[in-house]
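Colleague: I'd like to ask you about the structure that follows.
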Amino acid sequence: MAKNTLSSRFRKLDIDEFDENKFIDDHDEAVDNQGPDGTEIENLIRIGDTMTAFHLALRNPPLNTKNPAVKERALAIVLRVLTSFKSSDIEPAVKSLDRSGVDLLMKYIYRGFEKPSDNSSAILLQWHEKAFAVGGLGSIVRVLTARKTV
Amino acid sequence: MSLHQFLLEPITCHAWNRDRTQIAISPNNHEVHIYQKSGNQWVKSHELKEHNGHITGIDWAPKSDRIVTCGADRNAYVWSLKDGVWKPTLVILRINRAATFVKWSPLENKFAVGSGARLISVCYFESDNDWWVSKHIKKPIRSTVLSLDWHPNNVLLAAGSCDFKCRVFSAYIKEVEEKPGPTPWGSKMPFGAVLAEFGGAGGGGWVHSVSFSSSGNRLAWVSHDSTVTVVDGTKGSTPSQLKTEFLPLLSVLFISENSVVAAGHDCCPMLFRCDDGGSLTFVSKLDLPKASITRNISAMERFRNMDKRATTEDRNTALETLHQNSITQVSIYEGDQSDCRKFCTTGIDGAMTIWDFKSLEASIQGLRIM
């Protein structure tokens with residue numbers, strides 16, 4: 001074997017970064033939403049007002065930020081709300097959302113699926129079923145094609 | 001609704017001649033087949049073999065009776081009928097990636113080719129040299145151009161591309177036409193100027209298909225994030241987007257000034273209405289299967305199914321829609337873009353279906369095309 005093939009450092013190069021025709025997605029630097037307010041939502045869940053907590057959690061989604069910590073925090077809050085729902089309350093909650101709300105809910109549900117925990121999968125599947133009944137396959141396609149993710 | 005199954009191969013694209021007696025299709029290979037209508041059957045009359053790669057677009061000019069084809073071999077050919085044989089003329093597009101779409105302009109003196117080379121080639125005939133010349137529209141397209149549509153004024157061109165945007169360009173060629181008058185999309189139109197750009201902004205998917213209305217004031221497009229969008233040039237530039245609950249649509253067409261038909265991966269054409277305020281609403285799916293009577297399967301059929309398919313259930317694997325696979329193209333069959341009476345769809349299942357609005361209005365409750 002020739003000596004110049006022994007080094008494999010070139011394998012760490014990302015050749016696409018050097019492509020001058022590389023597609024750079026234009027991010028409009030819109031208002032950076034910081035995600036929902038955790039303490040207020042905790043209070044609402046404690047007193048049992050899950051519907052208001054739900055609507056509050058879905059406001060200000062951190063779609064534009066590149067900071068993963070903000071996104072993780074928002075995701076944790078939303079999952080906390082979703083798992084605190086009773087099965088019978090899920091359908092009215094989904095029905096109270098508009099089209100973009102259902103799409104946003106679907107995005108959070110799929111993000112929740114990424115890291116399953118003991119009690120989250122079952123309730124998330126129930127949320128998914130109800131959201132799918134309203135949003136249809138289109139809402140799932142929009143989760144897959146969205147470039148600004150939650 | 002009459003369905004004709006050509007072969008089993010997908011129909012990549014199709015084009016009709018002026019009186020709808022002939023259809024040119026490409027069965028997902030390097031050739032174009034022209035079928036002639038004879039009674040209720042379609043008989044193959046010509047095979048156009050010149051391309052070295054898959055044919056990606058066919059358009060048939062109704063008045064001058066010329067066919068333009070483009071393919072993955074980075075070429076386009078203009079075919080003319082001479083003594084009963086279609087003769088090709090090569091058009092040098094000067095692209096280094098596959099061509100994806102081709103469309104004659106309304107006056108048929110030029111055509112536009114979209115390509116994977118991130119540009120649009122607008123070609124016109126130079127009679128001094130007796131050949132087709134191409135001019136490129138490059139900026140600011142940043143990915144493959146998937147679909148094109150001409151404005152009725154023969155100058156403006158709408159393009160949908162994989163960079164998630166739909167744009168309106170000027171394709172004004174001073175050698176073949178007069179300066180165009182002002183339109184709602186703009187008044188200064190040098191070649192290659194971008195008059196409008198929509199889409200992107202974080203959401204959105206590839207723009208699969210674009211369509212101008214017959215007046216040219218409205219532009220509709222369908223995108224891979226399962227949305228249909230319409231913008232009215234006379235009412236400012238805020239597009240009205242409808243997020244559907246269907247799978248992504250692949251082809252869209254204005255069939256009147258207020259109605260849009262689109263079809264795609266759901267194998268079913270859908271009707272949308274665009275009202276005077278410019279907002280878009282879903283009206284109805286146009287392929288509603290007749291209510292099937294569930295019948296008890298007889299013992300003979302049960303054993304036959306067990307023998308043929310090793311199954312004991314009455315499992316019908318066919319789709320309920322007429323098309324058994326995605327619809328890739330919708331075209332006008334009878335009428336024109338301001339008042340279409342019949343339209344045609346072809347798809348990956350190799351079938352071509354002609355839909356009649358009169359019978360659709362009769363069979364679907366409350367359906368009225370405006």
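Identifiers in this document derive from the order of the structure tokens: chains are assigned A, B, ..., residues are numbered from 1 separately in each chain, and ligands are numbered from 1 in order of occurrence.
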Residues of chain A within 8 Å of chain B, counting only C-alpha atoms - could you list those as a ChimeraX atom specification?

Modeller: /A:23,26-28,99,135-139,141-142,145-148

Colleague: Could you save those same residues with C-alpha atoms as a tab-separated table (two decimals), in the first residue's frame?

Modeller:
```
chain	number	residue	atom	x	y	z
A	23	PHE	CA	-27.82	25.91	-1.29
A	26	ASP	CA	-32.32	32.11	3.74
A	27	HIS	CA	-33.40	32.45	7.34
A	28	ASP	CA	-35.46	35.55	7.76
A	99	ARG	CA	-55.00	24.60	11.12
A	135	GLY	CA	-55.02	17.44	10.21
A	136	GLY	CA	-54.84	14.39	7.99
A	137	LEU	CA	-51.79	13.22	6.11
A	138	GLY	CA	-51.08	16.82	5.11
A	139	SER	CA	-50.17	17.79	8.68
A	141	VAL	CA	-46.20	15.89	5.48
A	142	ARG	CA	-45.78	19.42	6.81
A	145	THR	CA	-41.02	19.20	5.00
A	146	ALA	CA	-40.76	21.98	7.57
A	147	ARG	CA	-37.38	23.63	7.57
A	148	LYS	CA	-38.10	25.64	10.70
```

Colleague: Skipping near chain neighbours, those fewer than 6 positions away, what residues fall within 12 Å of segment 126-130 of chain B using only C-alpha atoms, listed as a count of residues only?

Modeller: 9

Colleague: Please compute the atom CA of Glu177 of chain B-atom CA of Val145 of chain B distance, one decimal, in Å.

Modeller: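 The value is 25.0 Å.
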
Colleague: With a distance cut-off of 7 Å and only C-alpha atoms, select the neighbouring residues of segment 105-120 of chain A, excluding the residue or stretch itself and same-chain residues fewer than 6 positions from it, and output the selection as an MDAnalysis selection string.

Modeller: chainID A and resid 75 79 83 128 131 139:140 143 150

Colleague: Hey, what does DSSP flag as strand (DSSP E or B) within segment 94-306 of chain B? Can you give it to me as a count of residues only?

Modeller: 98

Colleague: Segment 46-55 of chain A: which residues within 7 Å, counting only C-alpha atoms, same-chain residues fewer than 5 positions away excluded, as a PyMOL selection string?

Modeller: chain A and resi 41+81+85+93

Colleague: Keeping only C-alpha atoms, write the selected residues as a compact mmCIF listing (two decimals), in the first residue's frame.

Modeller:
```txt
# COMPACT_ATOMS: atom_id res chain seq x y z
CA ILE A 41 -47.89 26.50 32.91
CA VAL A 81 -48.62 19.56 29.32
CA PHE A 85 -53.99 15.40 29.94
CA ALA A 93 -58.30 20.24 23.03
```

Colleague: Write out as a list in words each polymer residue whose atoms come within 6 Å of segment 53-65 of chain B, counting only C-alpha atoms; drop sequence neighbours fewer than 5 positions from it.

Modeller: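 Those residues are Cys13, Ala15, Asn17, Arg18, Asn29, His30, Cys70, Gly71, Ala72, Asp73, Thr100, Phe101, Val102 and Lys103 of chain B.
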
Colleague: Residues of segment 259-294 of chain B within 9 Å of segment 336-353 of chain B: nearest atom pair and distance (Å, one decimal) for each, counting only C-alpha atoms, sorted by chain and number, as a Markdown table?

Modeller:
```
| residue | atom | partner | partner_atom | distance |
| --- | --- | --- | --- | --- |
| B:Ala263 | CA | B:Thr345 | CA | 8.2 |
| B:Gly264 | CA | B:Gly347 | CA | 8.7 |
| B:Cys267 | CA | B:Gly347 | CA | 8.1 |
| B:Pro269 | CA | B:Thr345 | CA | 8.2 |
```

Colleague: Please measure the separation of atom CA of Asp25 of chain A and atom CA of Ser161 of chain B, giving the value in Å to one decimal.

Modeller: 13.8 Å

Colleague: List the spatial neighbours of segment 41-50 of chain B as a PyMOL selection string - criterion: any atom at most 8 Å away, only C-alpha atoms, same-chain residues fewer than 6 positions off excluded.

Modeller: chain B and resi 30-35+85-86+88

Colleague: Would you mind exporting N, CA and C atoms of the selected residues as a PDB file, in the first residue's frame?

Modeller:
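Saved to again.pdb:
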```
ATOM      1  N   HIS B  30     -37.060   6.471 -23.252  1.00  0.00           N
ATOM      2  CA  HIS B  30     -36.465   7.507 -24.103  1.00  0.00           C
ATOM      3  C   HIS B  30     -37.343   7.916 -25.260  1.00  0.00           C
ATOM      4  N   GLU B  31     -38.544   7.370 -25.372  1.00  0.00           N
ATOM      5  CA  GLU B  31     -39.331   7.600 -26.584  1.00  0.00           C
ATOM      6  C   GLU B  31     -40.607   8.347 -26.286  1.00  0.00           C
ATOM      7  N   VAL B  32     -41.154   8.928 -27.359  1.00  0.00           N
ATOM      8  CA  VAL B  32     -42.485   9.537 -27.295  1.00  0.00           C
ATOM      9  C   VAL B  32     -43.362   8.720 -28.213  1.00  0.00           C
ATOM     10  N   HIS B  33     -44.512   8.308 -27.717  1.00  0.00           N
ATOM     11  CA  HIS B  33     -45.449   7.563 -28.562  1.00  0.00           C
ATOM     12  C   HIS B  33     -46.649   8.433 -28.848  1.00  0.00           C
ATOM     13  N   ILE B  34     -47.050   8.485 -30.111  1.00  0.00           N
ATOM     14  CA  ILE B  34     -48.240   9.259 -30.464  1.00  0.00           C
ATOM     15  C   ILE B  34     -49.350   8.284 -30.782  1.00  0.00           C
ATOM     16  N   TYR B  35     -50.460   8.478 -30.106  1.00  0.00           N
ATOM     17  CA  TYR B  35     -51.622   7.603 -30.303  1.00  0.00           C
ATOM     18  C   TYR B  35     -52.706   8.394 -31.007  1.00  0.00           C
ATOM     19  N   VAL B  85     -44.221  11.917 -41.398  1.00  0.00           N
ATOM     20  CA  VAL B  85     -43.190  11.465 -40.464  1.00  0.00           C
ATOM     21  C   VAL B  85     -42.787  12.657 -39.602  1.00  0.00           C
ATOM     22  N   TRP B  86     -42.579  12.416 -38.323  1.00  0.00           N
ATOM     23  CA  TRP B  86     -42.152  13.502 -37.433  1.00  0.00           C
ATOM     24  C   TRP B  86     -40.634  13.629 -37.493  1.00  0.00           C
ATOM     25  N   PRO B  88     -37.159  15.490 -36.224  1.00  0.00           N
ATOM     26  CA  PRO B  88     -36.668  16.285 -35.098  1.00  0.00           C
ATOM     27  C   PRO B  88     -35.653  17.333 -35.518  1.00  0.00           C
TER      28      PRO B  88
END
```

Colleague: Within 8 Å of His136 of chain B, counting only C-alpha atoms, which residues qualify if same-chain residues fewer than 6 places away don't, as a VMD selection string?

Modeller: chain B and resid 119 to 122 192

Colleague: Could you check how far atom CA of Asn60 of chain A sits from atom CA of Ala76 of chain A, in Å to one decimal?

Modeller: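 We find that atom CA of Asn60 of chain A and atom CA of Ala76 of chain A lie 14.3 Å from each other.
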